[in-house]
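Participant: Enclosed is the structure file work_1.pdb (PDB, C-alpha atoms and all ligand atoms).
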ATOM      1  CA  MET R   1      15.492  24.444   1.527
ATOM      2  CA  ILE R   2      12.821  26.157  -0.565
ATOM      3  CA  ILE R   3      10.622  24.061  -2.846
ATOM      4  CA  THR R   4      10.369  25.701  -6.255
ATOM      5  CA  ASP R   5       7.073  26.038  -8.138
ATOM      6  CA  ALA R   6       8.109  23.311 -10.587
ATOM      7  CA  GLU R   7       9.067  20.956  -7.755
ATOM      8  CA  ARG R   8       5.743  21.567  -5.993
ATOM      9  CA  GLU R   9       3.898  20.803  -9.199
ATOM     10  CA  ALA R  10       5.870  17.567  -9.497
ATOM     11  CA  VAL R  11       4.880  16.493  -5.989
ATOM     12  CA  TYR R  12       1.175  17.142  -6.610
ATOM     13  CA  LYS R  13       1.404  15.428  -9.984
ATOM     14  CA  THR R  14       2.999  12.370  -8.400
ATOM     15  CA  ILE R  15       0.290  12.236  -5.737
ATOM     16  CA  LYS R  16      -2.487  12.651  -8.297
ATOM     17  CA  TRP R  17      -1.083  10.011 -10.646
ATOM     18  CA  ARG R  18      -0.207   7.406  -8.019
ATOM     19  CA  ARG R  19      -2.311   4.319  -8.669
ATOM     20  CA  ASP R  20      -2.776   0.912  -7.136
ATOM     21  CA  VAL R  21      -1.500  -1.343  -9.932
ATOM     22  CA  ARG R  22      -2.675  -4.939 -10.408
ATOM     23  CA  SER R  23      -2.996  -5.775 -14.115
ATOM     24  CA  GLU R  24      -0.405  -3.642 -15.820
ATOM     25  CA  PHE R  25       2.927  -4.992 -14.542
ATOM     26  CA  LEU R  26       5.828  -5.719 -16.896
ATOM     27  CA  PRO R  27       8.309  -8.459 -15.953
ATOM     28  CA  GLU R  28      11.544  -6.486 -16.351
ATOM     29  CA  GLU R  29      13.779  -6.287 -13.277
ATOM     30  CA  ILE R  30      14.053  -3.027 -11.349
ATOM     31  CA  PRO R  31      17.674  -1.790 -11.049
ATOM     32  CA  ASP R  32      19.069  -2.104  -7.511
ATOM     33  CA  GLU R  33      19.838   1.611  -7.261
ATOM     34  CA  VAL R  34      16.198   2.447  -8.018
ATOM     35  CA  ILE R  35      14.969   0.050  -5.323
ATOM     36  CA  ARG R  36      17.452   1.652  -2.956
ATOM     37  CA  ARG R  37      16.091   5.157  -3.716
ATOM     38  CA  VAL R  38      12.518   4.032  -3.150
ATOM     39  CA  LEU R  39      13.413   2.327   0.133
ATOM     40  CA  THR R  40      15.378   5.414   1.208
ATOM     41  CA  ALA R  41      12.193   7.444   0.719
ATOM     42  CA  ALA R  42      10.272   4.909   2.814
ATOM     43  CA  HIS R  43      12.936   5.116   5.516
ATOM     44  CA  GLN R  44      12.606   8.923   5.573
ATOM     45  CA  ALA R  45       8.990   8.627   6.738
ATOM     46  CA  PRO R  46       7.934  10.181  10.022
ATOM     47  CA  SER R  47       7.696   7.759  12.942
ATOM     48  CA  VAL R  48       6.464   8.093  16.489
ATOM     49  CA  GLY R  49       9.387   8.939  18.807
ATOM     50  CA  PHE R  50      11.647   8.435  15.736
ATOM     51  CA  MET R  51      11.088   4.752  16.370
ATOM     52  CA  GLN R  52      11.593   3.646  12.721
ATOM     53  CA  PRO R  53       9.825   0.370  13.460
ATOM     54  CA  TRP R  54       9.868  -0.904   9.870
ATOM     55  CA  ASN R  55      11.704  -3.592   7.943
ATOM     56  CA  PHE R  56      11.460  -4.340   4.227
ATOM     57  CA  ILE R  57      11.612  -7.921   2.985
ATOM     58  CA  LEU R  58      12.398  -8.070  -0.743
ATOM     59  CA  VAL R  59      10.734 -11.081  -2.338
ATOM     60  CA  ARG R  60      11.927 -12.090  -5.815
ATOM     61  CA  SER R  61      11.683 -15.888  -5.658
ATOM     62  CA  ARG R  62       8.897 -17.169  -7.904
ATOM     63  CA  GLU R  63       8.347 -20.076  -5.562
ATOM     64  CA  THR R  64       7.824 -17.797  -2.570
ATOM     65  CA  ARG R  65       5.559 -15.524  -4.568
ATOM     66  CA  GLN R  66       3.538 -18.512  -5.754
ATOM     67  CA  ARG R  67       2.948 -19.539  -2.132
ATOM     68  CA  ILE R  68       1.714 -16.015  -1.337
ATOM     69  CA  LYS R  69      -0.488 -16.092  -4.437
ATOM     70  CA  ASP R  70      -1.966 -19.434  -3.337
ATOM     71  CA  ASP R  71      -2.894 -17.908   0.006
ATOM     72  CA  PHE R  72      -4.345 -14.881  -1.772
ATOM     73  CA  ALA R  73      -6.583 -17.237  -3.776
ATOM     74  CA  LYS R  74      -7.933 -18.764  -0.558
ATOM     75  CA  ALA R  75      -8.472 -15.413   1.159
ATOM     76  CA  HIS R  76     -10.077 -14.017  -1.978
ATOM     77  CA  ALA R  77     -12.557 -16.911  -2.205
ATOM     78  CA  GLU R  78     -13.457 -16.443   1.477
ATOM     79  CA  ALA R  79     -13.896 -12.709   0.949
ATOM     80  CA  ALA R  80     -16.253 -13.217  -2.003
ATOM     81  CA  GLU R  81     -18.710 -15.050   0.269
ATOM     82  CA  ARG R  82     -18.993 -11.979   2.477
ATOM     83  CA  PHE R  83     -20.312  -9.634  -0.195
ATOM     84  CA  PRO R  84     -24.054  -9.465  -0.837
ATOM     85  CA  GLU R  85     -25.184 -11.480  -3.838
ATOM     86  CA  GLY R  86     -25.596  -8.469  -6.090
ATOM     87  CA  ARG R  87     -21.961  -7.467  -5.619
ATOM     88  CA  ARG R  88     -20.304 -10.873  -5.307
ATOM     89  CA  GLU R  89     -19.864 -11.499  -9.019
ATOM     90  CA  GLN R  90     -18.478  -8.037  -9.613
ATOM     91  CA  TYR R  91     -16.041  -8.532  -6.712
ATOM     92  CA  ARG R  92     -14.923 -11.842  -8.226
ATOM     93  CA  SER R  93     -14.367 -10.139 -11.592
ATOM     94  CA  PHE R  94     -11.789  -7.702 -10.182
ATOM     95  CA  LYS R  95      -8.080  -8.435 -10.453
ATOM     96  CA  LEU R  96      -6.848  -7.515  -6.985
ATOM     97  CA  GLU R  97      -3.177  -8.489  -7.061
ATOM     98  CA  GLY R  98      -0.143  -8.717  -9.336
ATOM     99  CA  ILE R  99       1.934 -11.074  -7.207
ATOM    100  CA  MET R 100       3.341 -13.189 -10.032
ATOM    101  CA  GLU R 101       3.388 -10.506 -12.733
ATOM    102  CA  ALA R 102       5.408  -7.926 -10.793
ATOM    103  CA  PRO R 103       9.090  -8.917 -10.539
ATOM    104  CA  LEU R 104       9.400  -7.811  -6.908
ATOM    105  CA  GLY R 105       7.337  -8.107  -3.748
ATOM    106  CA  ILE R 106       8.117  -5.967  -0.714
ATOM    107  CA  CYS R 107       6.733  -6.945   2.656
ATOM    108  CA  VAL R 108       6.747  -3.982   5.035
ATOM    109  CA  THR R 109       6.697  -4.951   8.708
ATOM    110  CA  CYS R 110       6.450  -3.198  12.068
ATOM    111  CA  ASP R 111       8.560  -4.187  15.068
ATOM    112  CA  ARG R 112       6.452  -2.959  17.973
ATOM    113  CA  THR R 113       9.284  -3.652  20.438
ATOM    114  CA  ARG R 114      11.938  -1.582  18.664
ATOM    115  CA  ASN R 115      13.919   0.792  20.912
ATOM    116  CA  GLY R 116      12.284  -0.465  24.106
ATOM    117  CA  PRO R 117       8.801  -0.494  25.610
ATOM    118  CA  VAL R 118       8.398   3.257  26.266
ATOM    119  CA  VAL R 119       8.379   5.367  23.123
ATOM    120  CA  ILE R 120       7.898   9.136  22.953
ATOM    121  CA  GLY R 121       4.404   9.744  21.559
ATOM    122  CA  ARG R 122       3.194   6.136  21.820
ATOM    123  CA  THR R 123       2.358   6.174  25.512
ATOM    124  CA  ALA R 124      -1.334   7.107  25.217
ATOM    125  CA  ILE R 125      -2.147   5.520  21.862
ATOM    126  CA  PRO R 126      -0.161   2.302  21.316
ATOM    127  CA  GLU R 127      -1.119   1.958  17.625
ATOM    128  CA  MET R 128       1.066   4.924  16.679
ATOM    129  CA  ASP R 129       3.903   2.588  15.645
ATOM    130  CA  LEU R 130       1.577   0.870  13.164
ATOM    131  CA  TYR R 131       0.514   4.228  11.755
ATOM    132  CA  SER R 132       4.185   5.213  11.418
ATOM    133  CA  THR R 133       4.846   2.155   9.298
ATOM    134  CA  VAL R 134       1.914   3.037   7.062
ATOM    135  CA  CYS R 135       3.590   6.433   6.533
ATOM    136  CA  ALA R 136       6.644   4.524   5.263
ATOM    137  CA  VAL R 137       4.430   2.573   2.870
ATOM    138  CA  GLN R 138       2.974   5.780   1.469
ATOM    139  CA  ASN R 139       6.439   7.322   1.012
ATOM    140  CA  LEU R 140       7.503   4.160  -0.811
ATOM    141  CA  TRP R 141       4.406   4.263  -3.012
ATOM    142  CA  LEU R 142       4.915   7.903  -4.005
ATOM    143  CA  ALA R 143       8.663   7.521  -4.580
ATOM    144  CA  ALA R 144       7.972   4.504  -6.764
ATOM    145  CA  ARG R 145       5.477   6.561  -8.772
ATOM    146  CA  ALA R 146       8.072   9.291  -9.209
ATOM    147  CA  GLU R 147      10.359   6.552 -10.620
ATOM    148  CA  ASN R 148       7.490   5.540 -12.969
ATOM    149  CA  LEU R 149       7.118   2.256 -11.099
ATOM    150  CA  GLY R 150       3.750   0.799 -10.211
ATOM    151  CA  VAL R 151       2.877  -0.488  -6.739
ATOM    152  CA  GLY R 152      -0.061  -2.654  -5.717
ATOM    153  CA  TRP R 153      -0.955  -3.293  -2.076
ATOM    154  CA  VAL R 154      -2.178  -6.841  -1.495
ATOM    155  CA  SER R 155      -4.106  -7.145   1.750
ATOM    156  CA  ILE R 156      -6.225 -10.159   0.825
ATOM    157  CA  VAL R 157      -3.923 -12.669   2.520
ATOM    158  CA  HIS R 158      -3.918 -14.406   5.898
ATOM    159  CA  GLU R 159      -1.328 -12.703   8.083
ATOM    160  CA  PRO R 160      -0.216 -15.919   9.875
ATOM    161  CA  THR R 161       0.359 -17.634   6.515
ATOM    162  CA  LEU R 162       2.308 -14.668   5.136
ATOM    163  CA  LYS R 163       4.443 -14.618   8.281
ATOM    164  CA  ASP R 164       5.061 -18.335   8.001
ATOM    165  CA  ILE R 165       6.061 -18.095   4.319
ATOM    166  CA  LEU R 166       8.474 -15.215   4.984
ATOM    167  CA  GLY R 167       9.812 -16.503   8.321
ATOM    168  CA  ILE R 168       8.616 -13.420  10.209
ATOM    169  CA  PRO R 169       8.899 -13.759  14.011
ATOM    170  CA  PRO R 170       5.676 -13.720  16.089
ATOM    171  CA  HIS R 171       6.235 -10.270  17.644
ATOM    172  CA  ILE R 172       6.571  -8.560  14.234
ATOM    173  CA  VAL R 173       3.413  -7.225  12.542
ATOM    174  CA  THR R 174       3.059  -7.383   8.763
ATOM    175  CA  ILE R 175       1.718  -4.045   7.575
ATOM    176  CA  ALA R 176       1.804  -4.447   3.798
ATOM    177  CA  TYR R 177       2.671  -6.837   1.031
ATOM    178  CA  LEU R 178       3.413  -4.711  -2.030
ATOM    179  CA  CYS R 179       3.928  -5.735  -5.648
ATOM    180  CA  ILE R 180       6.255  -3.405  -7.511
ATOM    181  CA  GLY R 181       7.426  -3.149 -11.098
ATOM    182  CA  ARG R 182       7.401  -1.271 -14.374
ATOM    183  CA  VAL R 183       3.958  -0.924 -15.912
ATOM    184  CA  ARG R 184       2.339  -0.811 -19.334
ATOM    185  CA  VAL R 185       0.160   2.116 -18.324
ATOM    186  CA  PHE R 186      -0.998   4.029 -15.261
ATOM    187  CA  HIS R 187      -4.756   4.377 -15.091
ATOM    188  CA  ASP R 188      -6.015   7.949 -14.799
ATOM    189  CA  ALA R 189      -8.424   7.064 -11.963
ATOM    190  CA  PRO R 190      -8.777   4.261  -9.396
ATOM    191  CA  GLU R 191      -9.786   1.013 -11.081
ATOM    192  CA  LEU R 192     -12.595   0.521  -8.558
ATOM    193  CA  GLU R 193     -13.937   3.943  -9.499
ATOM    194  CA  LYS R 194     -13.750   3.178 -13.213
ATOM    195  CA  ALA R 195     -15.565  -0.121 -12.639
ATOM    196  CA  GLY R 196     -18.411   1.699 -10.871
ATOM    197  CA  TRP R 197     -17.742   0.050  -7.494
ATOM    198  CA  LEU R 198     -17.500   3.371  -5.642
ATOM    199  CA  PRO R 199     -17.109   7.009  -6.723
ATOM    200  CA  ARG R 200     -14.513   9.364  -5.277
ATOM    201  CA  SER R 201     -16.200  11.191  -2.386
ATOM    202  CA  ASP R 202     -16.735  14.907  -2.579
ATOM    203  CA  LEU R 203     -13.942  16.448  -0.463
ATOM    204  CA  SER R 204     -16.160  19.281   0.806
ATOM    205  CA  SER R 205     -18.569  16.762   2.321
ATOM    206  CA  LEU R 206     -15.692  15.378   4.429
ATOM    207  CA  ILE R 207     -14.558  18.632   6.034
ATOM    208  CA  PHE R 208     -16.123  19.928   9.258
ATOM    209  CA  ASN R 209     -15.603  23.219  11.060
ATOM    210  CA  GLU R 210     -14.491  23.029  14.672
ATOM    211  CA  ARG R 211     -16.434  19.858  15.669
ATOM    212  CA  TRP R 212     -17.517  16.523  14.252
ATOM    213  CA  GLU R 213     -20.445  17.308  11.971
ATOM    214  CA  GLY R 214     -19.923  20.992  12.670
ATOM    215  CA  GLU R 215     -21.079  23.412  10.004
ATOM    216  CA  ARG R 216     -19.305  22.782   6.689
ATOM    217  CA  PRO R 217     -16.862  25.423   5.508
ATOM    218  CA  CYS R 218     -17.969  26.987   2.249
TER     219      CYS R 218
HETATM  220  C1  LIG E 301      -4.485  -0.553   3.191
HETATM  221  C2  LIG E 301      -4.782  -0.833   1.742
HETATM  222  C3  LIG E 301      -5.025  -2.146   1.339
HETATM  223  C4  LIG E 301      -5.318  -2.413  -0.012
HETATM  224  N1  LIG E 301      -5.497  -3.715  -0.405
HETATM  225  C5  LIG E 301      -5.695  -3.983  -1.708
HETATM  226  C6  LIG E 301      -5.797  -5.323  -2.180
HETATM  227  O1  LIG E 301      -5.703  -6.299  -1.432
HETATM  228  N2  LIG E 301      -5.995  -5.529  -3.493
HETATM  229  C7  LIG E 301      -6.110  -4.474  -4.374
HETATM  230  O2  LIG E 301      -6.294  -4.716  -5.573
HETATM  231  N3  LIG E 301      -6.007  -3.196  -3.970
HETATM  232  C8  LIG E 301      -5.788  -2.936  -2.653
HETATM  233  N4  LIG E 301      -5.657  -1.641  -2.247
HETATM  234  C9  LIG E 301      -5.744  -0.542  -3.247
HETATM  235  C10 LIG E 301      -7.065   0.200  -3.203
HETATM  236  O3  LIG E 301      -8.079  -0.584  -3.775
HETATM  237  C11 LIG E 301      -6.865   1.506  -3.991
HETATM  238  O4  LIG E 301      -5.920   2.284  -3.310
HETATM  239  C12 LIG E 301      -8.141   2.304  -4.146
HETATM  240  O5  LIG E 301      -9.065   1.598  -4.914
HETATM  241  C13 LIG E 301      -7.866   3.662  -4.799
HETATM  242  O6  LIG E 301      -7.191   3.475  -6.032
HETATM  243  P1  LIG E 301      -5.781   4.129  -6.311
HETATM  244  O7  LIG E 301      -4.818   3.636  -5.251
HETATM  245  O8  LIG E 301      -5.396   3.677  -7.678
HETATM  246  O9  LIG E 301      -5.944   5.608  -6.209
HETATM  247  C14 LIG E 301      -5.372  -1.342  -0.941
HETATM  248  C15 LIG E 301      -5.113  -0.039  -0.517
HETATM  249  C16 LIG E 301      -4.805   0.218   0.804
HETATM  250  C17 LIG E 301      -4.508   1.633   1.224
END
Would you mind writing the file's structure down as structure tokens?
Facilitator:
Amino acid sequence: MIITDAEREAVYKTIKWRRDVRSEFLPEEIPDEVIRRVLTAAHQAPSVGFMQPWNFILVRSRETRQRIKDDFAKAHAEAAERFPEGRREQYRSFKLEGIMEAPLGICVTCDRTRNGPVVIGRTAIPEMDLYSTVCAVQNLWLAARAENLGVGWVSIVHEPTLKDILGIPPHIVTIAYLCIGRVRVFHDAPELEKAGWLPRSDLSSLIFNERWEGERPC
């Protein structure tokens, strides 16, 4: 299978224009076949030893989403206290979730016990199953963008509370709670960059030759 020039352009365009969406969600439902395509892309992610440790919990209930939002509010208030005074107010001013605005939440989990205790590739570094599940999240995010759907990752929640709300067993790890839906607009740069929180780093400053802090390639 050869990727054509136009298809390659489309992949890079999708990557460049993927955004974390919080404020721009529209309430309209996403057709089931579109959700299925996006989840199929997630399920095609690489995984250590082909473990496929993920599950996807689709959350539409407003009541359930309100409980998650309530926990977000608590975690967000706690987080604000941890920023230095100069940054606290700016942190508080950011909208960092779209839990009630997006019509669908997707909780992506990792079953660390799937397919038995010994997994090809996870023997030396046990976290590889967690990293695999993050690959599924990224596939989902990019596929959603290709469908012109916005995704926002909400990590400002207490994991035990999220697990309790969604009935997730103790041995399962929650990797991501994602809000997904149609959007008014996709921003052309990260919102935190536009707000002056942090700039995008210069790629060249992040590349080393041969060794950590080795001479930089020109
Ligand atoms: C692991 C992870 C957790 C994140 N958690 C949150 C979050 O809780 N709330 C939020 O608004 N954005 C969250 N984000 C989105 C980042 O803020 C966003 O990716 C970053 O600012 C770059 O913007 P972009 O995704 O639009 O390019 C998260 C992103 C990742 C990868």
Participant: When the PyMOL selection byres (((chain R and resi 145) around 10) and not hetatm) is applied to the structure above, which residues does it catch, written out as a list in words?
Facilitator: Lys13, Thr14, Ile15, Trp17, Arg18, Arg19, Val38, Asn139, Leu140, Trp141, Leu142, Ala143, Ala144, Ala146, Glu147, Asn148, Leu149, Gly150, Val151, Arg182 and Phe186 of chain R
Participant: Which is closer to R:Trp153 than all the others in R:Glu215, R:Asp20, R:Glu191, R:Glu9, using only C-alpha atoms?
Facilitator: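 The shortest atom-to-atom distance to R:Trp153 comes from R:Asp20.
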Participant: Each residue of chain R with at least one atom at most 8 Å from ligand LIG 301 (chain E) should appear once, together with its nearest atom pair and the corresponding distance in Å (one decimal); atoms considered: all atoms listed in the file; ordering: chain, then increasing residue number; output as JSON lines.
Facilitator:
{"residue": "R:Trp17", "atom": "CA", "partner": "E:LIG301", "partner_atom": "O9", "distance": 7.9}
{"residue": "R:Arg18", "atom": "CA", "partner": "E:LIG301", "partner_atom": "O9", "distance": 6.3}
{"residue": "R:Arg19", "atom": "CA", "partner": "E:LIG301", "partner_atom": "O8", "distance": 3.3}
{"residue": "R:Asp20", "atom": "CA", "partner": "E:LIG301", "partner_atom": "O8", "distance": 3.8}
{"residue": "R:Val21", "atom": "CA", "partner": "E:LIG301", "partner_atom": "O8", "distance": 6.7}
{"residue": "R:Arg22", "atom": "CA", "partner": "E:LIG301", "partner_atom": "O2", "distance": 6.0}
{"residue": "R:Phe94", "atom": "CA", "partner": "E:LIG301", "partner_atom": "O2", "distance": 7.8}
{"residue": "R:Lys95", "atom": "CA", "partner": "E:LIG301", "partner_atom": "O2", "distance": 6.4}
{"residue": "R:Leu96", "atom": "CA", "partner": "E:LIG301", "partner_atom": "O2", "distance": 3.2}
{"residue": "R:Glu97", "atom": "CA", "partner": "E:LIG301", "partner_atom": "O2", "distance": 5.1}
{"residue": "R:Gly152", "atom": "CA", "partner": "E:LIG301", "partner_atom": "N3", "distance": 6.2}
{"residue": "R:Trp153", "atom": "CA", "partner": "E:LIG301", "partner_atom": "C5", "distance": 4.8}
{"residue": "R:Val154", "atom": "CA", "partner": "E:LIG301", "partner_atom": "O1", "distance": 3.6}
{"residue": "R:Ser155", "atom": "CA", "partner": "E:LIG301", "partner_atom": "O1", "distance": 3.7}
{"residue": "R:Ile156", "atom": "CA", "partner": "E:LIG301", "partner_atom": "O1", "distance": 4.5}
{"residue": "R:Val157", "atom": "CA", "partner": "E:LIG301", "partner_atom": "O1", "distance": 7.7}
{"residue": "R:Ala176", "atom": "CA", "partner": "E:LIG301", "partner_atom": "C1", "distance": 7.4}
{"residue": "R:His187", "atom": "CA", "partner": "E:LIG301", "partner_atom": "O8", "distance": 7.5}
{"residue": "R:Ala189", "atom": "CA", "partner": "E:LIG301", "partner_atom": "O8", "distance": 6.2}
{"residue": "R:Pro190", "atom": "CA", "partner": "E:LIG301", "partner_atom": "O6", "distance": 3.8}
{"residue": "R:Glu191", "atom": "CA", "partner": "E:LIG301", "partner_atom": "O8", "distance": 6.2}
{"residue": "R:Leu192", "atom": "CA", "partner": "E:LIG301", "partner_atom": "O5", "distance": 5.2}
{"residue": "R:Glu193", "atom": "CA", "partner": "E:LIG301", "partner_atom": "O5", "distance": 7.1}
Participant: Around all the atoms of stretch 163-179 of chain R listed in the file, with 6 Å of room on each side, what axis-aligned box do you get, giving centre and edge lengths in Å to one decimal, as AutoDock Vina command-line options?
Facilitator:
--center_x 5.8 --center_y -11.2 --center_z 6.0 --size_x 20.1 --size_y 26.3 --size_z 35.3
Participant: For the atom pair atom CA of R:Lys69 and atom CA of R:Thr40, what is the interatomic distance in Å to one decimal place?
Facilitator: 27.3 Å
Participant: Between R:Arg8, R:Ser47, R:Gly98, R:Tyr131, which has the minimum distance to R:Ile180 (counting only C-alpha atoms)?
Facilitator: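 Selected residue with least distance to R:Ile180: R:Gly98.
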